[in-house]
Structure formats: C-alpha cells, structure tokens
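This report concerns only the one structure given below.
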Amino acid sequence: MGHEWAIRALARSVATDRVAHAYLFTGPHGIGKTTLARKLAQAWQCAGDNRPCGACPPCQKIARDRHPDVQIIEGVPPRYDFDKDPPPPPRANDWERRALRIRQIRDLERGLARAPFEGRWKIVILRRFEESEEEAANAFLKTLEEPPRHTRLILTARDASLLLPTIASRCQVFALRPLAPAQIERALIEKYNAAPEHARLLARLSAGRLGWAVRAHENRARLDARNRYLDELNVALSEGRAERLLRAESLAKKSDDLPELLETWLGWWRDVLLIQNGDGSRTTNVDREDALRDQAHRFTTEQAQTTLQAVRATARYLTQNVNARLALEVLLLNLPGK
Amino acid sequence: MSQALYLKYRPRTFDDIEGQEHIRTTLKNALALNRIAHAYLFTGPRGTGKTTTARVLAKAVNCLSDGADKPCNACAVCQAINAERMLDLIEIDAASNRSIDDIRALRDKVDFRPGESTYKVYIIDEVHMLTPEAFNALLKTLEEPPPHVIFVLATTDPQKIPATVISRVQRFDFRRLTLPEITSRLTEIAAKENLKVEPAAVELIARQATGAMRDAISLLDQLTAYGGDEITLAQVQGLLGAASNQIVGELVARLAERNIAQGLALIASAVDSGADPRQLAREIVEYLRGLLLIKSGSGDALTRTAEAQTEMTQRAGQFSADQLVRAIRLFNQAAFELRASAHPTLPLEIALVEATLEPPAPSGVSSAPRTAPPPASPPPAPRGSPPPKSAMPPPAKSAPVAAPKENFASGSVNAAMPITVEIVQSNWANVLARVKQSNRNAEAFLRSAAEPIKVEDGVIVLGFQYQVHAERFEKEPKWKEVVERALDQVFQRKCRVKCVLAPERAKRKAVEQDPLIRAAMSQGAQITGIHGA
C-alpha cells in the first residue's frame, strides 16, 4: 500500500537479481518502513514464483516474525541488563527513548558468521538505527561495507542525517514519503472498514502516515489524546491569567505528552491561519471546523502567527531542558485572550 | 549478488583518483624521491578517497615494476593487493578492534618482516574510535616503527585523534569533491557500464552527493538496479523525491505574491505526487539562495541555463534582500525540524506561512522563559521610602565614573540627584564590582548575605538575613570602609552605611521566585504582605 515507486524499484532489483547488501529506509514513524523491510525480506526468502507470494512457509514465518534467518533488532531501554533482564516490552509510545548498544552489534556479527539455517540469506532488520550508540554505529561500519556472504541488511531510521554519514553512505537509501491523504482515506474505508467521516479525519491527521492512521483507527487512545489536547487549548483561550497558570502547572506534570500536545496545537494554529488567509479546504482538524472558523474570526492574523511562533519556540525549549512548567506558563500567558 | 559499483570502480592508481590534487602530487613526489614517511594520517569527509588512497599507496611502495609510474597494477604484488590476497597489507577496523589488547596484538606482530613485499602496510580505518589507552599503546610504535612498516591511519573525525598521535604522522586532509569532479567520474563509469544517463540526471545525482564520491556512485548503482540501462532526470527525481525546478520556482513566485492559500496548495500537490517534504525545503533554500546571490551581483557563479537565469533574475527583483534572508532562515529551520518532527509536512507549511506574512511586531512574545522577573517592575519599596522611580531625573551624560565593565542597571548617577533606595538597588551590582576590586572576601560576603533595603537621611541601610552575618560585618571595620568607598565612587558623594537585621527580606525573595507570583508581578501586581508560612 503506497510507496509504489520504492516497491517497483525493489521488485525490479529482486527480479534482475541486482541486489545490494545494505538498504536504509527512512521516514517519519508510522510511514511504513518496517512493513516495507519485511516485504523485502519476504521477497528474498520466498519459495513461491511471484515473489513475495505471501503464502509460502517462509513468507508466512516472516509475516509473524518467526523466521530463523530474519532477525529484527531494536534498541533497549536505558540501563537494560542483557544478562539479567527479560526481553524488553514493546515501546509504549513513539517518544520513548531506547538505545542500540555495541553488545547487540557484536552478537549480531557473531550470528552472521554462520550460514543461513533454512533460508537463502541471513537477513537482519535494524529498526530505528538513529537510536544506536556511537560506538555501536561505528562498530557496525565494516560489516555494513563488506558483510559476510549470505548476509543482507536493512536499516530503518527517522532520517538519514540523524545517522553517522559513514553509515548512510554505505547503504542504498529509500526515503519514504508521505502518502496522499486521499489514498489513506480510501485504504481506511476499504481495508479497515472505517466510517467515511472518521476515515477523512484520520487521513488528514496522519498527514500521509498510513501506519499511524491504522493504529489510530484500531486504538482510540491516540485520537482521545488529541481531542484532550485541543480541549485544553480551547478552554485555555477563554480563561483568565490565574486559571491559565494553574493549567500550565497541571499540563507540565505530564511531560511525556508535551511533544505531542504542542504538535497538535501547532496543527491547530496552522488551520486557523489557513482559514484566515482564505483556504478552508486544506484544514487538518476537519471535525472541529466551527471552532476553527470562530477563532479565525475572533483573532487577527498577527495574533495567530505570534501564537504559532510561541508554540514552536516552546517545543524547541523543551528539547533544550528548559523547565517545562515555566515554558508552558509563558506560552499559555501569551495565548490570545477573550 | 552483483558487486557494488563503488567497490567495482575503486580507483587503482593515483591518476584514477578524482580530485585531491594536493595529496596525489605530494605522494607521487615522495615515491619518486623515495622519501616515504613511516606513518600517515588521512582525514576528510566520507567518500572522498581515504581508504582508496591508502590502498594505492600500499601498492605503490611495494610495486615491483621499474617504471616511474607506480603502481603498475601488473606485477605480482599489485595484483595480489587488487585481489585482496596480500598478507603484508593489513587492514584493521579500529571501530571493532578498539581496545588496548587489540593494539598490543598488533604491536607483537609488527616486528616480523614482510613475506612477499618490501613493506608491511597497516591501514587502520576509523581510527578515531580507538580508546585513549589504545592510542597511547600505539604511540611508541608509531614514532619509531621497524623500517619495513608503514602505518596509514584513516578517519572522518580528526578532532578525536590525540595531539601526540597527530604530531607523529604526516597528515593529509581530503576535501569534498567538486560538482564537475563528481559528474566527470559518473559519466566515465556510465560509459564503461554502457548506461545512458541524461546529463541533467547526472548533475542531480552529483548535487545530491554533496561532495562524497561513494554516495554519488551508490546512487547511480541504485538507479541502474531499478531503472535499467537508461536513466532519466524523472527517474532520479522519483527516487529522491525531488520536486521539479518548476514547482520550486512557482512556490517562490507565490511567496513573492504573498499568496498563502495557493502556496500551500502547491506544497500539498507536490507532496501528494511524491515529493519528499524535507528535500523540497532544501530545494527552496537552494533556490532562494540563488536569488540572493543574483541580488548581490554574483549570480553567474551558479551553473544554470539562460532561461532559468532570466526567470530567477526577474524573481529576485520581487524580493528585498532582507525578505530573502528571512525566508532562507525559515525554510532552513524547517528542513532541520523535519528531521525529527512526527508530522511529515507541518514544519514546511509553517515556514511558508511565516515567510509569506510580514514578521509580527516584536512585542516580547515568545521570548525565552526568564529566571528573573522582568526588569520593568522592581520589587516595591518598603513603607516610608522616598518617592518612586518616575520622579528620578534623566540620567546625566557626564557621569564621570571610571571603568568597571558592568553597565549601570538604570542609567548613570549624577551627584546632584537625591539618592533613593531604587537607585542604590539598581546600581548594587556595580558597587559590588568595585568592592571586589579591593576586597574579594567582602564582596563574596555581601553578595550572599546582604542587600540595600532603604535609605534613611542619606545613610544606606543594608539588610541582613541572619544575626551572625550582621555581627560578622560589624566586626570587620575594613569591610565597611571598602563598601563606603565603593558607594562614594559610584554615587559621587559621601555615603555611609548601616546594618540592620531584616529576616522578612529572605522570605520575600523566596516568594518572588515563585513562578505564579512572578507572572502576577509581570502583569503589574505588587507584594503588599506575606501571610502564612
């Protein structure tokens, strides 16, 4: 689904057997990097004719992450002890911090020295390689340049520039791009039985990330959080200073949510600005059209613009270890008022 | 599996190496004069030829041919190295073998004479990853290796190499390759591989590589794997997610017209049809930079067609230089933010919106959260104090106060001016600076223990938080003298000080630090009293 250009290119390389030993798929979380990596692994290991057929035992095993020659490696939580701790649980959210350690690279290299167990290749998918520790990335350079025979490596990362330049330049890079919202909308309706209104909203909010849209469709938590963030904003707009200060205090306590909160707010003010400047057809928050229009009237373009800048600045401060409560207080006090 | 093109076309002689003139000439001369150093350090960005040059050097020093043109790539030694079966060329990956034990193992073997050639050549790649102990263990060997050994250290990160290592080696800095150097090499490889590549496609590949040959050749390789033997500009754009120049030009035109709606529509349609938002942001920056260069009269420095040149010259006229600089900054910021933003297009859209609108008046919005209250509202004066600040005469120009570097907090001080507690407070830092010049201890003590709280009949009253501090100050007559002298100088008159105990000052200070209260005070509130704990 989507990324036809990349799939066509990869399919051709499989068909003509001009395959590189290392690939790097980049793009925002939820855009389909790991999905594409699994598909490619299937194509390489597939026993059927129309590779990947999706039906043969190797394809099935890879789809369920059970293939002995296809390994998916991801970072571990901070202070994780490989000898004592149980395998780390899946990530709670996109912001959770993990790190790929040199020990994982060494284990991996030992494993690669052996021949494949049942497949044609030994395939390793290294997810979120931008989280690798510096030593780990450096230790991986030589393997990445000239890996053992029978080896194929697929890395995924948020963006190539977040990796060591020497890593990215050893891989064939596919920078996956956002899909058209209309495409996501269709997919949600046809494949996942979403209601049309709901699909439209999710497609707009996902901004081209199909994986994000599907996850938001299957698990309402994301959408609930987004609604909560917008409610906070809209209530804050009608509040006086004292209440805003209290609100800042309570928001600051959930510091894990702040990046997403600020991004939601950014999207909101972008919509307000859009309507003010005469293009209501491209708004993201289609379910709250009325509130958007109301605010577009109530506030001047200048107010909306300064607010947008203030939200951006706050997001930046939070990455620089500024006291979250202070940053939010300044932001909330600077929101336009009644 | 076919061999990667960048491995297949690794240069085998000095003349094959594209660019790096300065290094090639130096090394060739050293070879001709037989003045080969025993240790080299090759530094430079990725894909500029460090490892390649190291291997060519290894061949050249061992080459058996008589001719001047070494390496010959024909003799037994050259062929053995090309086939990677030469035992006297030892390549070590320092990132994987970075410990002191690895270096000791190396040192133990260094003394053995080479088997089939004149020199044993050690290439230590990614050398910046060695641990400090490993570097130190290497020092002695690096300084005086056995005569039959040559070391070549290669790294992308020379800052991480200890100075003691750098001073023992000959250092060569590899630079990024220029656009013509990369295009000429790509065209050469394309010809050898029987590929038909559009010149515009070659140029886009070369641009994308930003000076790294390996990146350029990898990209070409990738395109041949997917596109077949004919490579067009559209294919390269498709793979990279690059927008056509036309779209970028149109976007900039909308920017000039200040048409947000159409600008955003353009971005959306470009992204829907497969452009990469980050790539798009970078292309816009590149285009705007072109306009800025044209505006500043150096536009011909860029390579482009005559049509594009006319179009850009015309467009450059629609912007002021300030606007361009601001827009470049905004889109550059967007390209940077897109790396980590969860939303794939938002930063780009916001950059467009902001670049289109006039910058808002600098009304203090979005300034960094401060840790001190805004200077506009000093703490209210205690009861019974002299008239408020507004009664202060304008600062005099002639304040003949000499030197301390700190500026006065609020204008200079004039001898004729009645002294008020506000003036003392706002110049207190300045007073302390003078105290510091004559007595550091007094300054440190005053800074933490006391502050001026009022002025009574021309006597400046210092409030102490604790009894012990006040007593200590009284016991040191010299300190008092120093403070008075400093006050004399700053305020241009004879000043006297008095100590009192003022415990509620501390409490007030703590209260003032509270963000809620600070925010209230910045809105004009005053503290009138403190109740409770």
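Quick note on naming: the chains in the structure tokens go A, B, ... in the order shown, residues restart at 1 in each chain, and ligands are numbered from 1 in order of appearance.
Inside region 124-244 of chain A, the residues DSSP reads as strand (DSSP E or B) when given the backbone are Val124, Ile125, Leu126, Ser132, Thr151, Arg152, Leu153, Ile154, Leu155, Thr156, Ala157, Gln172, Val173, Phe174 and Ala175 of chain A.
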message: For Ala324 (chain A), find every residue with an atom within 9 Å (counting only C-alpha atoms), except residues of its own chain fewer than 5 positions away, and show them as a PyMOL selection string.
response: chain A and resi 248-249+251-253+255+258+314+317-318+329
query: Which polymer residues have any atom within 8 Å of an atom of Leu202 (chain A), counting only C-alpha atoms, with same-chain residues fewer than 5 positions away left out, as JSON, numbers by chain?
result: {"A": [185, 213, 216, 217]}
Please produce a file of those selected residues containing N, CA and C atoms, as a PDB file, in the first residue's frame.
ATOM      1  N   GLU A 185      -7.321   7.695   3.113  1.00  0.00           N
ATOM      2  CA  GLU A 185      -8.751   7.679   3.368  1.00  0.00           C
ATOM      3  C   GLU A 185      -9.384   6.438   2.715  1.00  0.00           C
ATOM      4  N   ALA A 213      -2.246   6.143  10.857  1.00  0.00           N
ATOM      5  CA  ALA A 213      -3.700   6.187  10.695  1.00  0.00           C
ATOM      6  C   ALA A 213      -4.331   4.857  11.113  1.00  0.00           C
ATOM      7  N   ALA A 216      -4.201   4.489  14.838  1.00  0.00           N
ATOM      8  CA  ALA A 216      -5.175   5.378  15.474  1.00  0.00           C
ATOM      9  C   ALA A 216      -6.589   4.844  15.283  1.00  0.00           C
ATOM     10  N   HIS A 217      -6.803   4.154  14.170  1.00  0.00           N
ATOM     11  CA  HIS A 217      -8.128   3.588  13.915  1.00  0.00           C
ATOM     12  C   HIS A 217      -8.389   2.400  14.828  1.00  0.00           C
TER      13      HIS A 217
END
Shell of 10 Å around Leu462 (chain B), only C-alpha atoms, local chain residues under 3 positions omitted, as a PDB file with C-alpha atoms, in the first residue's frame:
ATOM      1  CA  LEU B 446      27.896  40.916  50.754  1.00  0.00           C
ATOM      2  CA  ALA B 449      24.294  37.858  52.874  1.00  0.00           C
ATOM      3  CA  ALA B 450      23.053  41.407  52.406  1.00  0.00           C
ATOM      4  CA  GLU B 451      21.288  43.867  50.177  1.00  0.00           C
ATOM      5  CA  PRO B 452      20.346  47.521  50.423  1.00  0.00           C
ATOM      6  CA  ILE B 453      16.818  47.867  51.742  1.00  0.00           C
ATOM      7  CA  LYS B 454      16.323  51.551  52.365  1.00  0.00           C
ATOM      8  CA  VAL B 455      17.911  54.954  52.619  1.00  0.00           C
ATOM      9  CA  VAL B 459      22.502  56.664  55.187  1.00  0.00           C
ATOM     10  CA  GLN B 465      19.012  37.979  56.835  1.00  0.00           C
ATOM     11  CA  ALA B 470      25.294  41.226  60.665  1.00  0.00           C
ATOM     12  CA  VAL B 497      26.157  52.505  55.601  1.00  0.00           C
ATOM     13  CA  LYS B 498      24.299  50.989  58.485  1.00  0.00           C
ATOM     14  CA  CYS B 499      23.413  47.353  59.204  1.00  0.00           C
ATOM     15  CA  VAL B 500      20.024  46.069  60.299  1.00  0.00           C
ATOM     16  CA  LEU B 501      18.523  42.658  60.621  1.00  0.00           C
ATOM     17  CA  ALA B 502      15.811  42.097  58.010  1.00  0.00           C
TER      18      ALA B 502
END
task: Specify as a PyMOL selection string all residues of chain A found within 6 Å of chain B, counting only C-alpha atoms.
output: chain A and resi 9+12-13+18-19+28+138-139+159+166+169+177+180+279+310+327
Could those selected residues go to a file with C-alpha atoms, as a CSV table (one decimal), in the first residue's frame?
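As a result, out24.csv now contains:
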chain,number,residue,atom,x,y,z
A,9,ALA,CA,12.3,-0.3,-7.8
A,12,ARG,CA,12.9,-4.9,-10.2
A,13,SER,CA,16.1,-5.4,-8.3
A,18,ARG,CA,20.8,-6.9,-8.7
A,19,VAL,CA,20.6,-6.6,-5.0
A,28,PRO,CA,8.6,9.5,9.9
A,138,ASN,CA,31.0,2.7,14.4
A,139,ALA,CA,31.5,-0.9,15.2
A,159,ASP,CA,16.1,10.5,8.7
A,166,THR,CA,29.5,7.0,7.0
A,169,SER,CA,26.7,6.4,2.5
A,177,ARG,CA,7.5,10.0,1.6
A,180,ALA,CA,-1.6,11.4,-0.3
A,279,ASP,CA,-8.2,28.4,2.1
A,310,ALA,CA,5.3,30.8,20.5
A,327,ALA,CA,7.9,27.3,29.3
- request: Report as a PyMOL selection string: the residues of region 422-465 of chain B with a DSSP assignment of alpha helix (DSSP H), based on the backbone of this structure.
  value: chain B and resi 422-426+428-438+440-449
Kindly save the residues from that selection, with C-alpha atoms included, as an mmCIF file, in the first residue's frame.
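Final output, saved to result_33.cif:
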data_model
loop_
_atom_site.group_PDB
_atom_site.id
_atom_site.type_symbol
_atom_site.label_atom_id
_atom_site.label_comp_id
_atom_site.auth_asym_id
_atom_site.auth_seq_id
_atom_site.Cartn_x
_atom_site.Cartn_y
_atom_site.Cartn_z
ATOM 1 C CA GLU B 422 15.865 52.225 43.900
ATOM 2 C CA ILE B 423 18.984 53.879 42.621
ATOM 3 C CA VAL B 424 21.119 52.027 45.125
ATOM 4 C CA GLN B 425 19.458 48.746 44.324
ATOM 5 C CA SER B 426 19.751 49.123 40.599
ATOM 6 C CA TRP B 428 24.192 47.461 43.575
ATOM 7 C CA ALA B 429 25.933 45.076 41.188
ATOM 8 C CA ASN B 430 28.173 47.916 40.185
ATOM 9 C CA VAL B 431 29.002 48.710 43.786
ATOM 10 C CA LEU B 432 29.823 45.069 44.423
ATOM 11 C CA ALA B 433 32.117 45.026 41.396
ATOM 12 C CA ARG B 434 34.102 47.878 42.916
ATOM 13 C CA VAL B 435 34.190 46.208 46.291
ATOM 14 C CA LYS B 436 35.543 43.119 44.592
ATOM 15 C CA GLN B 437 38.449 45.097 43.168
ATOM 16 C CA SER B 438 39.711 45.971 46.625
ATOM 17 C CA ARG B 440 37.205 39.829 47.338
ATOM 18 C CA ASN B 441 36.082 38.417 50.643
ATOM 19 C CA ALA B 442 33.907 41.402 51.411
ATOM 20 C CA GLU B 443 32.314 41.170 48.006
ATOM 21 C CA ALA B 444 31.524 37.459 48.298
ATOM 22 C CA PHE B 445 30.115 38.021 51.749
ATOM 23 C CA LEU B 446 27.896 40.916 50.754
ATOM 24 C CA ARG B 447 26.672 39.231 47.622
ATOM 25 C CA SER B 448 25.199 36.332 49.519
ATOM 26 C CA ALA B 449 24.294 37.858 52.874
#
message: Which residues are close to Ala236 (chain A), i.e. within 10 Å by only C-alpha atoms, leaving aside same-chain residues fewer than 4 positions away? Reply as a PyMOL selection string.
response: chain A and resi 230-232+240-241+243-245+247-248+332-333+335-338
Grab the residues selected above and save them as a tab-separated table (two decimals), in the first residue's frame with C-alpha atoms.
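Wrote it out as again20.tsv, contents follow:
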chain	number	residue	atom	x	y	z
A	230	LEU	CA	-7.42	20.50	21.72
A	231	ASP	CA	-9.92	20.83	24.55
A	232	GLU	CA	-7.15	22.07	26.80
A	240	GLY	CA	-8.09	34.41	32.62
A	241	ARG	CA	-4.47	34.56	33.70
A	243	GLU	CA	-6.55	29.80	35.52
A	244	ARG	CA	-4.02	29.58	32.73
A	245	LEU	CA	-1.20	29.44	35.21
A	247	ARG	CA	-3.43	24.85	33.71
A	248	ALA	CA	0.23	25.21	32.81
A	332	LEU	CA	-0.25	30.00	27.92
A	333	LEU	CA	0.00	33.58	29.10
A	335	LEU	CA	-2.14	32.92	24.03
A	336	PRO	CA	-4.62	35.45	22.72
A	337	GLY	CA	-7.43	36.14	25.19
A	338	LYS	CA	-11.13	36.70	25.19
- prompt: What's the 9 Å shell around Ala203 (chain A), counting only C-alpha atoms, without same-chain residues fewer than 2 positions away, as number ranges by chain?
  reply: A: 180-186, 188, 198-201, 205-210, 213, 284
Might you pull out every residue within 12 Å of Thr143 (chain A), with only C-alpha atoms counted and same-chain residues fewer than 5 positions away left off, and present them as a CSV table (one decimal) with C-alpha atoms, in the first residue's frame?
chain,number,residue,atom,x,y,z
A,21,HIS,CA,23.9,-5.9,0.6
A,22,ALA,CA,22.6,-3.0,2.7
A,105,ILE,CA,26.1,-5.3,17.2
A,106,ARG,CA,28.7,-7.8,18.4
A,108,LEU,CA,24.7,-9.8,15.6
A,109,GLU,CA,28.1,-10.1,13.9
A,110,ARG,CA,28.8,-13.4,15.6
A,112,LEU,CA,26.2,-13.5,10.8
A,113,ALA,CA,29.4,-15.6,10.6
A,124,VAL,CA,18.8,-8.5,9.7
A,136,ALA,CA,27.6,0.6,18.2
A,137,ALA,CA,27.2,2.6,14.9
A,138,ASN,CA,31.0,2.7,14.4
A,148,PRO,CA,29.8,-11.8,5.1
A,149,ARG,CA,28.3,-13.6,2.1
A,151,THR,CA,24.0,-11.5,4.5
A,152,ARG,CA,21.5,-8.8,3.7
A,153,LEU,CA,21.0,-5.8,6.0
A,167,ILE,CA,26.6,4.7,7.8
A,170,ARG,CA,27.2,2.6,2.7
A,171,CYS,CA,23.5,1.9,2.1
B,93,ASP,CA,38.8,-1.7,11.6
B,95,ALA,CA,35.8,0.7,15.4
B,96,SER,CA,35.5,-3.0,16.1
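Relative to CA of Ile161 (chain B), CA of Leu57 (chain B) is found at 21.9 Å.
When CA of Glu481 (chain B) is paired with CA of Asn439 (chain B), their separation reads 10.5 Å.
CA of Pro147 (chain A) is found 28.8 Å from CA of Gly30 (chain A).
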